[in-house]
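Notes follow the structure.
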Amino acid sequence: MERLSDKAAFLVNHGIDDQVGVVEKAWLDAAEKKLRASVRFSKAMKAEEIYQDVIDGIRQKISVAYRIHNMVLENDVEGVQTYRVTDWEPYEVSIVSVPADTSVGIGRSAEPIEDEKIKEKIIIKTNEKGKNKMENEEKKLTFEQLANANIVRTNEIKAIAVKFKVDPKLAIESNATVEEFRAYAVNQFNPSAALPVNNGVELTPKEQKEYSVSNLIKSLRTGEKSFEKEVSEEISIKSGISPKGAFLNYNAKMQRRDLDAVTAGSGSQFIGTTQRGDLFIDVLLNKMCCSTLGVKVLSGLRGNLKIPKLSAGATYGWRATTNAALAESTPTTTQIELSPKSGGTFIDVDKQLLIQSEPSIDSILMNNLLNVCALGLDKAILHGTGANGQPTGIAATSGVGSVVGTALTYAGALSFLSKIEIANADVKTMSFCTTPAVKAALMSREKISGYPVFIMQDGQLIGYPVMVSNQISAGYIVFGDFSKIILALWGGVDLQVVTDSTLAVAGLQRIVINQYVDIGVEQAGAFAVTTNFS
């Protein structure tokens, strides 16, 4: 037993170069006549994968490699000799897919079984971080406990994956923590991904190729029938709203930019015999915040929207005496009321540009014209004032937690979390939004003076992911569960074409985008904001 007990290798399929762990302890069970061992898995990627398969019950078979030192002949029947090994030496343990003996494997403990459930134990060695000396802390967990913990971890990862629209498979298989996956999920978002901006209709691949914004603009200008106007009419029937012009059948990003065929930097670059449309360079835009953090979108609305809400629940009371009556407790109800707020943008487009543009101005109009509307909605979710026709965003919502950001310390950053916990909101799916300047300051600000550990590290602040964007106003930090935001949409993206005498003389067409939206915060207590970071 000396060799096996002296940190023998734990291998995969007896591969000498395929070590995934080490034997921590080995002993002979005299009563059961079985050799047993506890092993510690490496933290290398492959070892983590093998360990996860063990926990999931996929890899369960074990084999022991050994050397025979002595054996004796027991019998000889018709030339078939049978030997008994009387002296042998085990020298490595392997987890195998096809063992010679299927009765050998993981979890075959000699400990008593309680309630007919398996109670075998695995010894896990974990390193405690943050100390110069890495001290091993031994933890004993039953298979049942490990399985339950893994189910909880897997479910939380899947929930985050749905919210952030990322594949959870690798995180689940690699045994990543929930916190690690949350940070990964936020960083995987397409920062320019837009909020849904209309209630379009499904088009076939052929129809999608035929659909043209230029044709729609032309038909609006001339009054002629077109396929694009037929699509708009279908959207109108679907939404029950008549557009001022026509509905665009496109869920896109929005950006305001005036385009013409002659002015440098405003459209003339798309005309020319050697135009390289394949190398088109788009404008740099702010990163979207709220759409990537799970805002709820309610589209296809017609009338005003009212959502009932329980603002205060019943309270528990005690009887003063045995037969005394309980005091009445009345829950408080309210509702979130949403009604259309109108916003949009316009651009002036040169008619010559529509005719001569290469690449087609359609894609440029789609990806740039619509961008500013999506960014406008995103900004309104954060900073809508509720005045002058604007929706009410997070920062202006009554009841949102307020955190003092002046000379913010690590203790101050923890106030974001405590504000939300005091309000009884769920903190598992929280995220931060802030500016690049705030990020830079927090990444260089020490938790404790003189120690090189900073308030914000590895893209996280107090253990939660941070979305950085210029959509956030200077000095602001917003923390909360963005799935508690409702973005309500009435109708679709309404496109109008306007040509007055002044524009006509200049050979221009004005394209106007209108949209009707509102924003509601389901639970103000699910957010905390600082407006004065310094």
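Following the order of the structure tokens, chains are lettered A, B, ..., residues in each are numbered from 1, and ligands are numbered from 1.
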
Neighbours of range 40-55 of chain A within 6 Å (only C-alpha atoms; same-chain residues fewer than 4 positions away dropped), as a list of chain:residue names?
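So, after excluding close chain neighbours, the residues are A:Val20, A:Gly21, A:Val22, A:Arg59, A:Ile124, A:Ser174.
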
Any chance you could export the current selection's C-alpha atoms as a PDB file, in the first residue's frame?
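So the final result, stored in out05.pdb, reads:
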```pdb
ATOM      1  CA  VAL A  20      -6.457  14.613 -13.577  1.00  0.00           C
ATOM      2  CA  GLY A  21      -5.878  14.276  -9.858  1.00  0.00           C
ATOM      3  CA  VAL A  22      -4.073  12.646  -6.974  1.00  0.00           C
ATOM      4  CA  ARG A  59     -18.316   8.732 -15.353  1.00  0.00           C
ATOM      5  CA  ILE A 124     -12.698  17.888  -1.945  1.00  0.00           C
ATOM      6  CA  SER A 174     -16.824  23.715 -17.058  1.00  0.00           C
TER       7      SER A 174
END
```

Exercise: Ser97 in chain A partners within 9 Å, only C-alpha atoms, chain neighbours under 3 positions left out, as an MDAnalysis selection string
chainID A and resid 12:13 59:62

Residues just named, written with N, CA and C atoms as a PDB file, in the first residue's frame:
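What ended up in part_31.pdb:
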```pdb
ATOM      1  N   VAL A  12      -6.857   9.072 -16.335  1.00  0.00           N
ATOM      2  CA  VAL A  12      -7.992   8.754 -17.195  1.00  0.00           C
ATOM      3  C   VAL A  12      -7.584   7.592 -18.095  1.00  0.00           C
ATOM      4  N   ASN A  13      -8.315   6.477 -17.989  1.00  0.00           N
ATOM      5  CA  ASN A  13      -8.077   5.292 -18.826  1.00  0.00           C
ATOM      6  C   ASN A  13      -6.616   4.829 -18.788  1.00  0.00           C
ATOM      7  N   ARG A  59     -19.512   9.559 -15.526  1.00  0.00           N
ATOM      8  CA  ARG A  59     -18.316   8.732 -15.353  1.00  0.00           C
ATOM      9  C   ARG A  59     -18.354   8.121 -13.952  1.00  0.00           C
ATOM     10  N   GLN A  60     -18.484   6.810 -13.865  1.00  0.00           N
ATOM     11  CA  GLN A  60     -18.636   6.155 -12.567  1.00  0.00           C
ATOM     12  C   GLN A  60     -17.743   4.925 -12.398  1.00  0.00           C
ATOM     13  N   LYS A  61     -17.010   4.540 -13.436  1.00  0.00           N
ATOM     14  CA  LYS A  61     -16.237   3.304 -13.382  1.00  0.00           C
ATOM     15  C   LYS A  61     -14.767   3.583 -13.069  1.00  0.00           C
ATOM     16  N   ILE A  62     -14.202   2.677 -12.242  1.00  0.00           N
ATOM     17  CA  ILE A  62     -12.829   2.831 -11.755  1.00  0.00           C
ATOM     18  C   ILE A  62     -12.030   1.562 -12.064  1.00  0.00           C
TER      19      ILE A  62
END
```

Residues of range 293-467 of chain A in alpha helix (DSSP H) according to DSSP, as a VMD selection string?
chain A and resid 351 to 356 361 to 364 371 to 383 410 to 422 436 to 444

Show which residues sit within 12 Å of Thr397 in chain A, as JSON, numbers by chain. Count only C-alpha atoms, and ignore same-chain residues fewer than 6 positions away.
{"A": [336, 380, 381, 382, 383, 384, 385, 386, 387, 391, 485, 519, 520, 521, 522, 523, 524, 525, 526, 527, 528, 529]}

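By only C-alpha atoms, and with residues fewer than 6 positions from Pro168 in chain A along its chain excluded, the set lying at most 10 Å from it is Thr154, Ile157, Lys158, Ala159, Ile160, Ala161, Val162, Ala176, Phe181 and Ala185 of chain A.
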
Can you tell me which residues surround Ser329 in chain A at a distance of at most 10 Å, considering only C-alpha atoms, apart from same-chain residues fewer than 5 positions away, and format the answer as a PyMOL selection string?
chain A and resi 313-317

Keeping only C-alpha atoms, write those residues as a PDB file, in the first residue's frame.
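See selection00.pdb below for the written result:
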```pdb
ATOM      1  CA  GLY A 313     -49.100  43.430   1.638  1.00  0.00           C
ATOM      2  CA  ALA A 314     -51.039  42.284   4.664  1.00  0.00           C
ATOM      3  CA  THR A 315     -49.353  42.409   8.067  1.00  0.00           C
ATOM      4  CA  TYR A 316     -49.127  39.691  10.692  1.00  0.00           C
ATOM      5  CA  GLY A 317     -50.664  40.342  14.105  1.00  0.00           C
TER       6      GLY A 317
END
```

When you look at range 404-406 of chain A with a cut-off of 6 Å (counting only C-alpha atoms), what residues show up, excluding the ones that are within fewer than 3 positions of it in the same chain? I need them as a list in words.
Thr530, Asn532, Phe533 and Ser534 of chain A

To one decimal place in Å, what is the distance between CA of Gln208 in chain A and CA of Ile235 in chain A?
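Here the two named atoms are 15.3 Å from each other.
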